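Q: One structure coming up, written as structure tokens, with questions to follow.
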Amino acid sequence: MTGALDVDELIDNPDIHVIVCCGSGGVGKTTTAAAIGVRAAEMHGRRVVVLTIDPARRLAQSMGLTELDNTPRQVKGIDIEGTGGELHAMMLDMKRTFDEVVQEHTTPQRAAEIFANPFYQAMSSTFAGTQEYMAMEKLGQLQGTDEWDLIVVDTPPSRSALDFLDAPARLSRFLDGRMLRLLLAPARTGGRSVFSLVTASFGLFSRAVQKILGAQLLTDLSGFVAALDSMFGGFRQRADETYRILQDPQTAFLLIASPERDAVREAAYFAERLVAERMPLAGLVLNRVHRSELPGLTADEAERAAATLDETGGNEVTADALRIHAALLRQTERETRVAATFSDAFPAVPMAAITAQPADVHDVDGLRTIGAALATAGQP
């Protein structure tokens, strides 16, 4: 049987330096990550940075910041008197992070060539996998400074939670791909392309590639690869290094889901992947769970009582309240069944259920409420 997730124990553990909040979009990852950050700083005295990849800027709003960018900003207005904790927050700027990687690993002249290349400009802003790759890159940068007791990562709002693990490898394979360099990198003699040095039959192939991709795109891509030549091999190495951070016992993954079938199924897929990759899965947080204050009054009983009141001309408000109670109980039963599909598949993974809040969380007080609920929540 699944046990209760003790979030306080997790964030108070000095051996845990990274908490990664994962899940499909719209399940409360950003709020959960921010709440963990606030509680870790206020209640446990840890120096915390929360890294969000949420373009909606909800984290900045909830922490009272006018903006977030690629540099950690200290959050004011939290109660750290006597604890010595600090809370900082930042939002990933994937293009700026990519620019930093380029500047760090090549000369200023070569970096300028890369930045001016149209293919780089498109890839660093919109290319599939770039956001996830740069999220892992930024995590590696933060981890390498030894400045933080705890790094809380709010993973990208991807269609699939698995994109956080899969997309960086796909992008690094593309950037390091031998075929890409064979087809597009300028030859070392005279700067001519490989296409111009091979047989006529291969020339036919090159013209076919140009027809499919377009001559200008091929030219931009060739220039990009040529300018990036000194960095080849580095992308996959850097992704692998960050991947090892994610496998280290100092990291804890928290799966975030709502009590809906698709969200829990996505969490289960991610849990299977974490287990297969030997990554430390700390638990599941089930957000927006519904509860009844009168579980002793069953849904059937409430509906029968409401029907009786209708027949006898009783109080309409009471009858409506009984029907609402019945609907709430049935929703609770559905959510319990959905949650059980995860706990049955992963009985050793602890779980915390957070009751649905009456309003959206939009300030530090709301984050404190969620943090307290996380600390006391048990199995749904």
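Residues in the structure tokens are numbered from 1 in each chain, the chains being A, B, ... in the order shown, and ligands are numbered from 1 in the order shown.
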Glu137 (chain A): which residues within 9 Å, counting only C-alpha atoms, same-chain residues fewer than 4 positions away excluded, as an MDAnalysis selection string?

A: chainID A and resid 97:98 101 132:133 141:142 238:239 242

Q: Applying 12 Å and only C-alpha atoms, which residues near Gly84 (chain A) remain after dropping the ones on its own chain fewer than 4 positions away? List them as a ChimeraX atom specification.

A: /A:40-48,78-80,149

Q: The selected residues should be written to file as a PDB file, in the first residue's frame (atoms: N, CA and C atoms).

A:
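Result written to part22.pdb:
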ATOM      1  N   ALA A  40      11.042  25.618   2.058  1.00  0.00           N
ATOM      2  CA  ALA A  40      12.435  25.240   2.318  1.00  0.00           C
ATOM      3  C   ALA A  40      13.218  26.421   2.889  1.00  0.00           C
ATOM      4  N   ALA A  41      12.939  27.626   2.394  1.00  0.00           N
ATOM      5  CA  ALA A  41      13.641  28.810   2.892  1.00  0.00           C
ATOM      6  C   ALA A  41      13.127  29.244   4.262  1.00  0.00           C
ATOM      7  N   GLU A  42      11.793  29.284   4.407  1.00  0.00           N
ATOM      8  CA  GLU A  42      11.205  29.812   5.645  1.00  0.00           C
ATOM      9  C   GLU A  42      11.299  28.839   6.813  1.00  0.00           C
ATOM     10  N   MET A  43      11.003  27.582   6.577  1.00  0.00           N
ATOM     11  CA  MET A  43      10.886  26.617   7.666  1.00  0.00           C
ATOM     12  C   MET A  43      12.160  25.813   7.899  1.00  0.00           C
ATOM     13  N   HIS A  44      13.022  25.734   6.885  1.00  0.00           N
ATOM     14  CA  HIS A  44      14.184  24.866   7.007  1.00  0.00           C
ATOM     15  C   HIS A  44      15.504  25.590   6.797  1.00  0.00           C
ATOM     16  N   GLY A  45      15.439  26.899   6.582  1.00  0.00           N
ATOM     17  CA  GLY A  45      16.651  27.697   6.525  1.00  0.00           C
ATOM     18  C   GLY A  45      17.585  27.379   5.382  1.00  0.00           C
ATOM     19  N   ARG A  46      17.048  26.907   4.274  1.00  0.00           N
ATOM     20  CA  ARG A  46      17.905  26.553   3.147  1.00  0.00           C
ATOM     21  C   ARG A  46      18.001  27.719   2.156  1.00  0.00           C
ATOM     22  N   ARG A  47      19.142  27.823   1.515  1.00  0.00           N
ATOM     23  CA  ARG A  47      19.331  28.823   0.466  1.00  0.00           C
ATOM     24  C   ARG A  47      18.849  28.192  -0.834  1.00  0.00           C
ATOM     25  N   VAL A  48      17.735  28.700  -1.351  1.00  0.00           N
ATOM     26  CA  VAL A  48      16.993  28.019  -2.402  1.00  0.00           C
ATOM     27  C   VAL A  48      16.909  28.891  -3.652  1.00  0.00           C
ATOM     28  N   ILE A  78       9.349  37.127   2.399  1.00  0.00           N
ATOM     29  CA  ILE A  78       9.187  35.829   3.037  1.00  0.00           C
ATOM     30  C   ILE A  78       9.763  35.894   4.439  1.00  0.00           C
ATOM     31  N   ASP A  79       9.275  35.040   5.299  1.00  0.00           N
ATOM     32  CA  ASP A  79       9.628  35.075   6.719  1.00  0.00           C
ATOM     33  C   ASP A  79      10.806  34.138   6.973  1.00  0.00           C
ATOM     34  N   ILE A  80      12.013  34.711   6.971  1.00  0.00           N
ATOM     35  CA  ILE A  80      13.218  33.890   7.180  1.00  0.00           C
ATOM     36  C   ILE A  80      13.959  34.294   8.446  1.00  0.00           C
ATOM     37  N   ASP A 149      21.832  25.638  -1.555  1.00  0.00           N
ATOM     38  CA  ASP A 149      21.549  24.426  -0.780  1.00  0.00           C
ATOM     39  C   ASP A 149      20.552  23.543  -1.521  1.00  0.00           C
TER      40      ASP A 149
END

Q: From a DSSP pass on the backbone, collect the residues of region 216-347 of chain A flagged as helix (DSSP H, G or I) and hand them back as a PyMOL selection string.

A: chain A and resi 216-227+229-231+234-247+261-276+299-312+316-345

Q: So that I can see what lies close to Met90 (chain A), please list as a PDB file with N, CA, C and O atoms, in the first residue's frame the residues with an atom at most 12 Å from it, counting only C-alpha atoms and leaving out residues fewer than 2 positions away in the same chain.

A:
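Output contents, as saved in part-v3.pdb:
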ATOM      1  N   THR A  30       4.229  24.482 -11.436  1.00  0.00           N
ATOM      2  CA  THR A  30       4.838  25.751 -11.061  1.00  0.00           C
ATOM      3  C   THR A  30       4.482  26.129  -9.628  1.00  0.00           C
ATOM      4  O   THR A  30       5.348  26.523  -8.840  1.00  0.00           O
ATOM      5  N   ALA A  34       7.148  26.382  -6.489  1.00  0.00           N
ATOM      6  CA  ALA A  34       7.277  27.623  -5.731  1.00  0.00           C
ATOM      7  C   ALA A  34       6.963  27.409  -4.253  1.00  0.00           C
ATOM      8  O   ALA A  34       7.639  27.953  -3.374  1.00  0.00           O
ATOM      9  N   GLY A  37       9.845  25.820  -2.586  1.00  0.00           N
ATOM     10  CA  GLY A  37      10.908  26.795  -2.381  1.00  0.00           C
ATOM     11  C   GLY A  37      10.656  27.692  -1.185  1.00  0.00           C
ATOM     12  O   GLY A  37      11.553  27.932  -0.369  1.00  0.00           O
ATOM     13  N   VAL A  48      17.735  28.700  -1.351  1.00  0.00           N
ATOM     14  CA  VAL A  48      16.993  28.019  -2.402  1.00  0.00           C
ATOM     15  C   VAL A  48      16.909  28.891  -3.652  1.00  0.00           C
ATOM     16  O   VAL A  48      16.743  30.112  -3.560  1.00  0.00           O
ATOM     17  N   VAL A  49      16.999  28.247  -4.810  1.00  0.00           N
ATOM     18  CA  VAL A  49      16.659  28.906  -6.057  1.00  0.00           C
ATOM     19  C   VAL A  49      15.622  28.043  -6.769  1.00  0.00           C
ATOM     20  O   VAL A  49      15.766  26.821  -6.846  1.00  0.00           O
ATOM     21  N   VAL A  50      14.560  28.687  -7.228  1.00  0.00           N
ATOM     22  CA  VAL A  50      13.512  28.000  -7.989  1.00  0.00           C
ATOM     23  C   VAL A  50      13.680  28.396  -9.448  1.00  0.00           C
ATOM     24  O   VAL A  50      13.633  29.580  -9.795  1.00  0.00           O
ATOM     25  N   LEU A  51      13.889  27.399 -10.298  1.00  0.00           N
ATOM     26  CA  LEU A  51      14.039  27.617 -11.736  1.00  0.00           C
ATOM     27  C   LEU A  51      12.749  27.200 -12.428  1.00  0.00           C
ATOM     28  O   LEU A  51      12.364  26.032 -12.383  1.00  0.00           O
ATOM     29  N   THR A  52      12.076  28.155 -13.039  1.00  0.00           N
ATOM     30  CA  THR A  52      10.849  27.834 -13.759  1.00  0.00           C
ATOM     31  C   THR A  52      11.063  27.981 -15.255  1.00  0.00           C
ATOM     32  O   THR A  52      11.882  28.784 -15.707  1.00  0.00           O
ATOM     33  N   ILE A  53      10.351  27.191 -16.005  1.00  0.00           N
ATOM     34  CA  ILE A  53      10.366  27.280 -17.454  1.00  0.00           C
ATOM     35  C   ILE A  53       8.955  27.600 -17.919  1.00  0.00           C
ATOM     36  O   ILE A  53       8.521  27.251 -18.996  1.00  0.00           O
ATOM     37  N   ASP A  54       8.203  28.270 -17.056  1.00  0.00           N
ATOM     38  CA  ASP A  54       6.798  28.570 -17.305  1.00  0.00           C
ATOM     39  C   ASP A  54       6.665  29.930 -17.974  1.00  0.00           C
ATOM     40  O   ASP A  54       6.894  30.957 -17.342  1.00  0.00           O
ATOM     41  N   PRO A  55       6.309  29.994 -19.251  1.00  0.00           N
ATOM     42  CA  PRO A  55       6.220  31.289 -19.931  1.00  0.00           C
ATOM     43  C   PRO A  55       5.071  32.164 -19.454  1.00  0.00           C
ATOM     44  O   PRO A  55       5.019  33.343 -19.778  1.00  0.00           O
ATOM     45  N   ARG A  57       4.583  33.184 -16.532  1.00  0.00           N
ATOM     46  CA  ARG A  57       5.093  34.062 -15.470  1.00  0.00           C
ATOM     47  C   ARG A  57       4.268  33.997 -14.182  1.00  0.00           C
ATOM     48  O   ARG A  57       4.239  34.935 -13.398  1.00  0.00           O
ATOM     49  N   ARG A  58       3.598  32.870 -13.954  1.00  0.00           N
ATOM     50  CA  ARG A  58       2.813  32.756 -12.717  1.00  0.00           C
ATOM     51  C   ARG A  58       3.715  32.769 -11.489  1.00  0.00           C
ATOM     52  O   ARG A  58       3.322  33.247 -10.425  1.00  0.00           O
ATOM     53  N   LEU A  59       4.923  32.218 -11.614  1.00  0.00           N
ATOM     54  CA  LEU A  59       5.829  32.176 -10.472  1.00  0.00           C
ATOM     55  C   LEU A  59       6.199  33.581 -10.029  1.00  0.00           C
ATOM     56  O   LEU A  59       6.186  33.890  -8.832  1.00  0.00           O
ATOM     57  N   ALA A  60       6.527  34.446 -10.973  1.00  0.00           N
ATOM     58  CA  ALA A  60       6.886  35.823 -10.640  1.00  0.00           C
ATOM     59  C   ALA A  60       5.731  36.516  -9.922  1.00  0.00           C
ATOM     60  O   ALA A  60       5.919  37.197  -8.911  1.00  0.00           O
ATOM     61  N   MET A  63       5.195  35.340  -6.317  1.00  0.00           N
ATOM     62  CA  MET A  63       6.254  35.722  -5.392  1.00  0.00           C
ATOM     63  C   MET A  63       6.421  37.232  -5.285  1.00  0.00           C
ATOM     64  O   MET A  63       7.357  37.717  -4.659  1.00  0.00           O
ATOM     65  N   LEU A  65       7.177  39.376  -7.601  1.00  0.00           N
ATOM     66  CA  LEU A  65       8.221  39.938  -8.441  1.00  0.00           C
ATOM     67  C   LEU A  65       7.593  40.513  -9.706  1.00  0.00           C
ATOM     68  O   LEU A  65       6.654  39.944 -10.258  1.00  0.00           O
ATOM     69  N   THR A  66       8.130  41.646 -10.156  1.00  0.00           N
ATOM     70  CA  THR A  66       7.595  42.242 -11.369  1.00  0.00           C
ATOM     71  C   THR A  66       8.012  41.455 -12.598  1.00  0.00           C
ATOM     72  O   THR A  66       7.315  41.462 -13.615  1.00  0.00           O
ATOM     73  N   GLU A  67       9.140  40.780 -12.529  1.00  0.00           N
ATOM     74  CA  GLU A  67       9.598  39.989 -13.665  1.00  0.00           C
ATOM     75  C   GLU A  67      10.617  38.957 -13.201  1.00  0.00           C
ATOM     76  O   GLU A  67      11.211  39.072 -12.127  1.00  0.00           O
ATOM     77  N   LEU A  68      10.785  37.946 -14.018  1.00  0.00           N
ATOM     78  CA  LEU A  68      11.849  36.963 -13.822  1.00  0.00           C
ATOM     79  C   LEU A  68      12.644  36.883 -15.109  1.00  0.00           C
ATOM     80  O   LEU A  68      12.104  37.056 -16.199  1.00  0.00           O
ATOM     81  N   ASP A  69      13.941  36.631 -14.986  1.00  0.00           N
ATOM     82  CA  ASP A  69      14.761  36.442 -16.168  1.00  0.00           C
ATOM     83  C   ASP A  69      15.769  35.341 -15.903  1.00  0.00           C
ATOM     84  O   ASP A  69      15.611  34.540 -14.983  1.00  0.00           O
ATOM     85  N   ASN A  70      16.826  35.313 -16.685  1.00  0.00           N
ATOM     86  CA  ASN A  70      17.781  34.216 -16.665  1.00  0.00           C
ATOM     87  C   ASN A  70      18.749  34.279 -15.491  1.00  0.00           C
ATOM     88  O   ASN A  70      19.632  33.434 -15.362  1.00  0.00           O
ATOM     89  N   THR A  71      18.598  35.313 -14.657  1.00  0.00           N
ATOM     90  CA  THR A  71      19.463  35.487 -13.486  1.00  0.00           C
ATOM     91  C   THR A  71      18.624  35.357 -12.220  1.00  0.00           C
ATOM     92  O   THR A  71      17.540  35.935 -12.135  1.00  0.00           O
ATOM     93  N   PRO A  72      19.086  34.601 -11.217  1.00  0.00           N
ATOM     94  CA  PRO A  72      18.306  34.469  -9.970  1.00  0.00           C
ATOM     95  C   PRO A  72      18.037  35.821  -9.321  1.00  0.00           C
ATOM     96  O   PRO A  72      18.941  36.657  -9.194  1.00  0.00           O
ATOM     97  N   ARG A  73      16.793  36.034  -8.917  1.00  0.00           N
ATOM     98  CA  ARG A  73      16.396  37.257  -8.211  1.00  0.00           C
ATOM     99  C   ARG A  73      15.890  36.870  -6.828  1.00  0.00           C
ATOM    100  O   ARG A  73      15.082  35.953  -6.697  1.00  0.00           O
ATOM    101  N   GLN A  74      16.333  37.604  -5.813  1.00  0.00           N
ATOM    102  CA  GLN A  74      15.912  37.287  -4.453  1.00  0.00           C
ATOM    103  C   GLN A  74      14.456  37.699  -4.243  1.00  0.00           C
ATOM    104  O   GLN A  74      14.021  38.775  -4.661  1.00  0.00           O
ATOM    105  N   VAL A  75      13.715  36.810  -3.594  1.00  0.00           N
ATOM    106  CA  VAL A  75      12.307  37.050  -3.305  1.00  0.00           C
ATOM    107  C   VAL A  75      12.194  37.731  -1.945  1.00  0.00           C
ATOM    108  O   VAL A  75      12.680  37.211  -0.933  1.00  0.00           O
ATOM    109  N   LEU A  87      15.482  32.819  -0.509  1.00  0.00           N
ATOM    110  CA  LEU A  87      14.736  32.309  -1.652  1.00  0.00           C
ATOM    111  C   LEU A  87      15.008  33.189  -2.855  1.00  0.00           C
ATOM    112  O   LEU A  87      14.846  34.411  -2.799  1.00  0.00           O
ATOM    113  N   HIS A  88      15.436  32.552  -3.938  1.00  0.00           N
ATOM    114  CA  HIS A  88      15.665  33.234  -5.204  1.00  0.00           C
ATOM    115  C   HIS A  88      14.839  32.519  -6.265  1.00  0.00           C
ATOM    116  O   HIS A  88      14.529  31.335  -6.133  1.00  0.00           O
ATOM    117  N   LEU A  92      13.800  30.499 -17.081  1.00  0.00           N
ATOM    118  CA  LEU A  92      14.703  30.154 -18.163  1.00  0.00           C
ATOM    119  C   LEU A  92      14.447  31.009 -19.404  1.00  0.00           C
ATOM    120  O   LEU A  92      13.328  31.123 -19.880  1.00  0.00           O
ATOM    121  N   ASP A  93      15.501  31.614 -19.895  1.00  0.00           N
ATOM    122  CA  ASP A  93      15.500  32.248 -21.210  1.00  0.00           C
ATOM    123  C   ASP A  93      16.343  31.334 -22.089  1.00  0.00           C
ATOM    124  O   ASP A  93      17.572  31.351 -22.028  1.00  0.00           O
ATOM    125  N   ALA A 135      17.031  23.844 -20.372  1.00  0.00           N
ATOM    126  CA  ALA A 135      16.644  23.690 -18.965  1.00  0.00           C
ATOM    127  C   ALA A 135      17.670  22.829 -18.238  1.00  0.00           C
ATOM    128  O   ALA A 135      18.086  23.147 -17.111  1.00  0.00           O
ATOM    129  N   LYS A 138      20.910  24.859 -17.876  1.00  0.00           N
ATOM    130  CA  LYS A 138      20.857  25.824 -16.770  1.00  0.00           C
ATOM    131  C   LYS A 138      20.940  25.117 -15.429  1.00  0.00           C
ATOM    132  O   LYS A 138      21.589  25.614 -14.493  1.00  0.00           O
ATOM    133  N   LEU A 139      20.308  23.957 -15.308  1.00  0.00           N
ATOM    134  CA  LEU A 139      20.432  23.184 -14.068  1.00  0.00           C
ATOM    135  C   LEU A 139      21.889  22.834 -13.811  1.00  0.00           C
ATOM    136  O   LEU A 139      22.379  22.949 -12.668  1.00  0.00           O
ATOM    137  N   LEU A 142      23.708  25.957 -12.530  1.00  0.00           N
ATOM    138  CA  LEU A 142      23.377  26.263 -11.131  1.00  0.00           C
ATOM    139  C   LEU A 142      24.046  25.282 -10.181  1.00  0.00           C
ATOM    140  O   LEU A 142      24.569  25.664  -9.128  1.00  0.00           O
ATOM    141  N   ILE A 151      18.074  23.402  -5.245  1.00  0.00           N
ATOM    142  CA  ILE A 151      17.596  23.892  -6.533  1.00  0.00           C
ATOM    143  C   ILE A 151      16.282  23.180  -6.825  1.00  0.00           C
ATOM    144  O   ILE A 151      16.238  21.946  -6.859  1.00  0.00           O
ATOM    145  N   VAL A 152      15.221  23.943  -7.018  1.00  0.00           N
ATOM    146  CA  VAL A 152      13.913  23.371  -7.336  1.00  0.00           C
ATOM    147  C   VAL A 152      13.614  23.691  -8.796  1.00  0.00           C
ATOM    148  O   VAL A 152      13.594  24.862  -9.185  1.00  0.00           O
ATOM    149  N   VAL A 153      13.389  22.656  -9.597  1.00  0.00           N
ATOM    150  CA  VAL A 153      13.193  22.832 -11.028  1.00  0.00           C
ATOM    151  C   VAL A 153      11.731  22.582 -11.379  1.00  0.00           C
ATOM    152  O   VAL A 153      11.178  21.519 -11.087  1.00  0.00           O
ATOM    153  N   ASP A 154      11.124  23.573 -12.003  1.00  0.00           N
ATOM    154  CA  ASP A 154       9.773  23.445 -12.559  1.00  0.00           C
ATOM    155  C   ASP A 154       9.943  23.130 -14.039  1.00  0.00           C
ATOM    156  O   ASP A 154      10.339  23.989 -14.817  1.00  0.00           O
TER     157      ASP A 154
END

Q: Residues of region 13-93 of chain A within 8 Å of region 358-373 of chain A: nearest atom pair and distance (Å, one decimal) for each, counting only C-alpha atoms, sorted by chain and number, as a Markdown table?

A:
| residue | atom | partner | partner_atom | distance |
| --- | --- | --- | --- | --- |
| A:Thr31 | CA | A:Leu367 | CA | 7.1 |
| A:Thr32 | CA | A:Ile370 | CA | 7.3 |
| A:Ala34 | CA | A:Leu367 | CA | 6.8 |
| A:Ala35 | CA | A:Leu367 | CA | 4.6 |
| A:Ile36 | CA | A:Gly371 | CA | 5.9 |
| A:Val38 | CA | A:Arg368 | CA | 6.8 |
| A:Arg39 | CA | A:Gly371 | CA | 5.8 |
| A:Arg58 | CA | A:His362 | CA | 7.6 |
| A:Gln61 | CA | A:His362 | CA | 6.4 |
| A:Ser62 | CA | A:Asp363 | CA | 3.9 |
| A:Met63 | CA | A:Val364 | CA | 5.5 |
| A:Gly64 | CA | A:Asp363 | CA | 6.6 |
| A:Gly77 | CA | A:Val364 | CA | 7.9 |
| A:Ile78 | CA | A:Val364 | CA | 7.3 |

Q: Excluding Pro108 (chain A) and residues on its chain fewer than 6 positions from it, collect all residues at most 12 Å away from it, counting only C-alpha atoms, and give them as number ranges by chain.

A: A: 99-100, 102, 114-115, 227

Q: Near Ala352 (chain A), within 9 Å and counting only C-alpha atoms, which residues show up once chain neighbours fewer than 3 positions away are dropped, as a list in words?

A: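 Selected residues are Gly3, Ala4, Leu5, Asp6, Val7, Gly283, Leu284, Val285, Leu286, Asn287, Ala373, Leu374, Ala375, Thr376, Ala377, Gly378, Gln379 and Pro380 of chain A.
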
Q: Generate the output file for the selected residues, C-alpha atoms, as a short mmCIF file (atom, residue, chain, number, x, y, z; two decimals), in the first residue's frame.

A:
data_model
loop_
_atom_site.label_atom_id
_atom_site.label_comp_id
_atom_site.auth_asym_id
_atom_site.auth_seq_id
_atom_site.Cartn_x
_atom_site.Cartn_y
_atom_site.Cartn_z
CA GLY A 3 2.59 5.44 2.04
CA ALA A 4 2.42 9.16 2.77
CA LEU A 5 4.94 11.50 1.19
CA ASP A 6 6.82 13.54 3.80
CA VAL A 7 7.83 16.68 1.90
CA GLY A 283 6.93 10.58 -4.63
CA LEU A 284 3.73 11.72 -6.31
CA VAL A 285 1.92 14.96 -5.47
CA LEU A 286 -1.76 14.80 -6.43
CA ASN A 287 -3.08 18.35 -6.73
CA ALA A 373 -0.60 21.16 2.89
CA LEU A 374 2.32 19.36 1.26
CA ALA A 375 3.96 18.90 4.65
CA THR A 376 0.86 17.36 6.20
CA ALA A 377 -0.69 15.56 3.25
CA GLY A 378 -0.96 11.80 3.18
CA GLN A 379 -2.38 9.19 0.92
CA PRO A 380 -5.59 10.28 -0.87
#

Q: Find the residues around Gly140 (chain A) up to 8 Å (only C-alpha atoms counted), leave out those fewer than 4 positions away in its own chain, and share them as a list in words.

A: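 Counting only C-alpha atoms, the residues come to Met136, Gly144, Glu241, Thr242 and Ile245 of chain A.
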
Q: Would you put the residues from that selection into a file with all heavy atoms, as an mmCIF file, in the first residue's frame?

A:
data_model
loop_
_atom_site.group_PDB
_atom_site.id
_atom_site.type_symbol
_atom_site.label_atom_id
_atom_site.label_comp_id
_atom_site.auth_asym_id
_atom_site.auth_seq_id
_atom_site.Cartn_x
_atom_site.Cartn_y
_atom_site.Cartn_z
ATOM 1 N N MET A 136 18.096 21.748 -18.874
ATOM 2 C CA MET A 136 19.106 20.894 -18.258
ATOM 3 C C MET A 136 20.461 21.594 -18.219
ATOM 4 O O MET A 136 21.236 21.435 -17.269
ATOM 5 C CB MET A 136 19.197 19.566 -19.015
ATOM 6 C CG MET A 136 17.917 18.733 -18.906
ATOM 7 S SD MET A 136 17.993 17.136 -19.752
ATOM 8 C CE MET A 136 19.123 16.235 -18.705
ATOM 9 N N GLY A 144 26.739 23.666 -10.681
ATOM 10 C CA GLY A 144 28.194 23.799 -10.699
ATOM 11 C C GLY A 144 28.727 24.943 -9.863
ATOM 12 O O GLY A 144 29.930 24.990 -9.570
ATOM 13 N N GLU A 241 26.348 14.904 -18.885
ATOM 14 C CA GLU A 241 26.771 15.315 -17.536
ATOM 15 C C GLU A 241 25.568 15.708 -16.683
ATOM 16 O O GLU A 241 25.476 15.332 -15.503
ATOM 17 C CB GLU A 241 27.767 16.480 -17.634
ATOM 18 C CG GLU A 241 29.141 16.070 -18.160
ATOM 19 C CD GLU A 241 30.038 17.266 -18.397
ATOM 20 O OE1 GLU A 241 29.556 18.421 -18.222
ATOM 21 O OE2 GLU A 241 31.215 17.071 -18.758
ATOM 22 N N THR A 242 24.653 16.467 -17.273
ATOM 23 C CA THR A 242 23.458 16.854 -16.522
ATOM 24 C C THR A 242 22.582 15.643 -16.254
ATOM 25 O O THR A 242 21.953 15.540 -15.192
ATOM 26 C CB THR A 242 22.669 17.926 -17.299
ATOM 27 O OG1 THR A 242 23.536 18.996 -17.633
ATOM 28 C CG2 THR A 242 21.533 18.464 -16.453
ATOM 29 N N ILE A 245 23.625 14.106 -13.199
ATOM 30 C CA ILE A 245 23.120 14.820 -12.022
ATOM 31 C C ILE A 245 21.730 14.317 -11.660
ATOM 32 O O ILE A 245 21.400 14.108 -10.487
ATOM 33 C CB ILE A 245 23.097 16.344 -12.280
ATOM 34 C CG1 ILE A 245 24.516 16.895 -12.417
ATOM 35 C CG2 ILE A 245 22.344 17.072 -11.157
ATOM 36 C CD1 ILE A 245 24.560 18.371 -12.787
#

Q: Extract, using only C-alpha atoms, all DNA, RNA and protein residues at most 7 Å from Val27 (chain A), discarding same-chain residues fewer than 5 positions from it, and format them as a list in words.

A: Ile256, Ala257, Ser258 and Asn287 of chain A

Q: Could the residues in this selection be written to a file with C-alpha atoms, as a PDB file, in the first residue's frame?

A:
ATOM      1  CA  ILE A 256       2.928  16.216 -10.089  1.00  0.00           C
ATOM      2  CA  ALA A 257      -0.536  15.246 -11.329  1.00  0.00           C
ATOM      3  CA  SER A 258      -4.163  16.188 -10.986  1.00  0.00           C
ATOM      4  CA  ASN A 287      -3.077  18.347  -6.735  1.00  0.00           C
TER       5      ASN A 287
END

Q: Hey, which of A:Thr106, A:Thr355, A:Ala263, A:Ala268 ends up closest to Ser343 (chain A)? Count only C-alpha atoms.

A: A:Ala268

Q: For CA of Leu254 (chain A) and CA of Glu293 (chain A), quote the distance in Å rounded to one decimal.

A: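 Between these atoms lies a distance of 28.4 Å.
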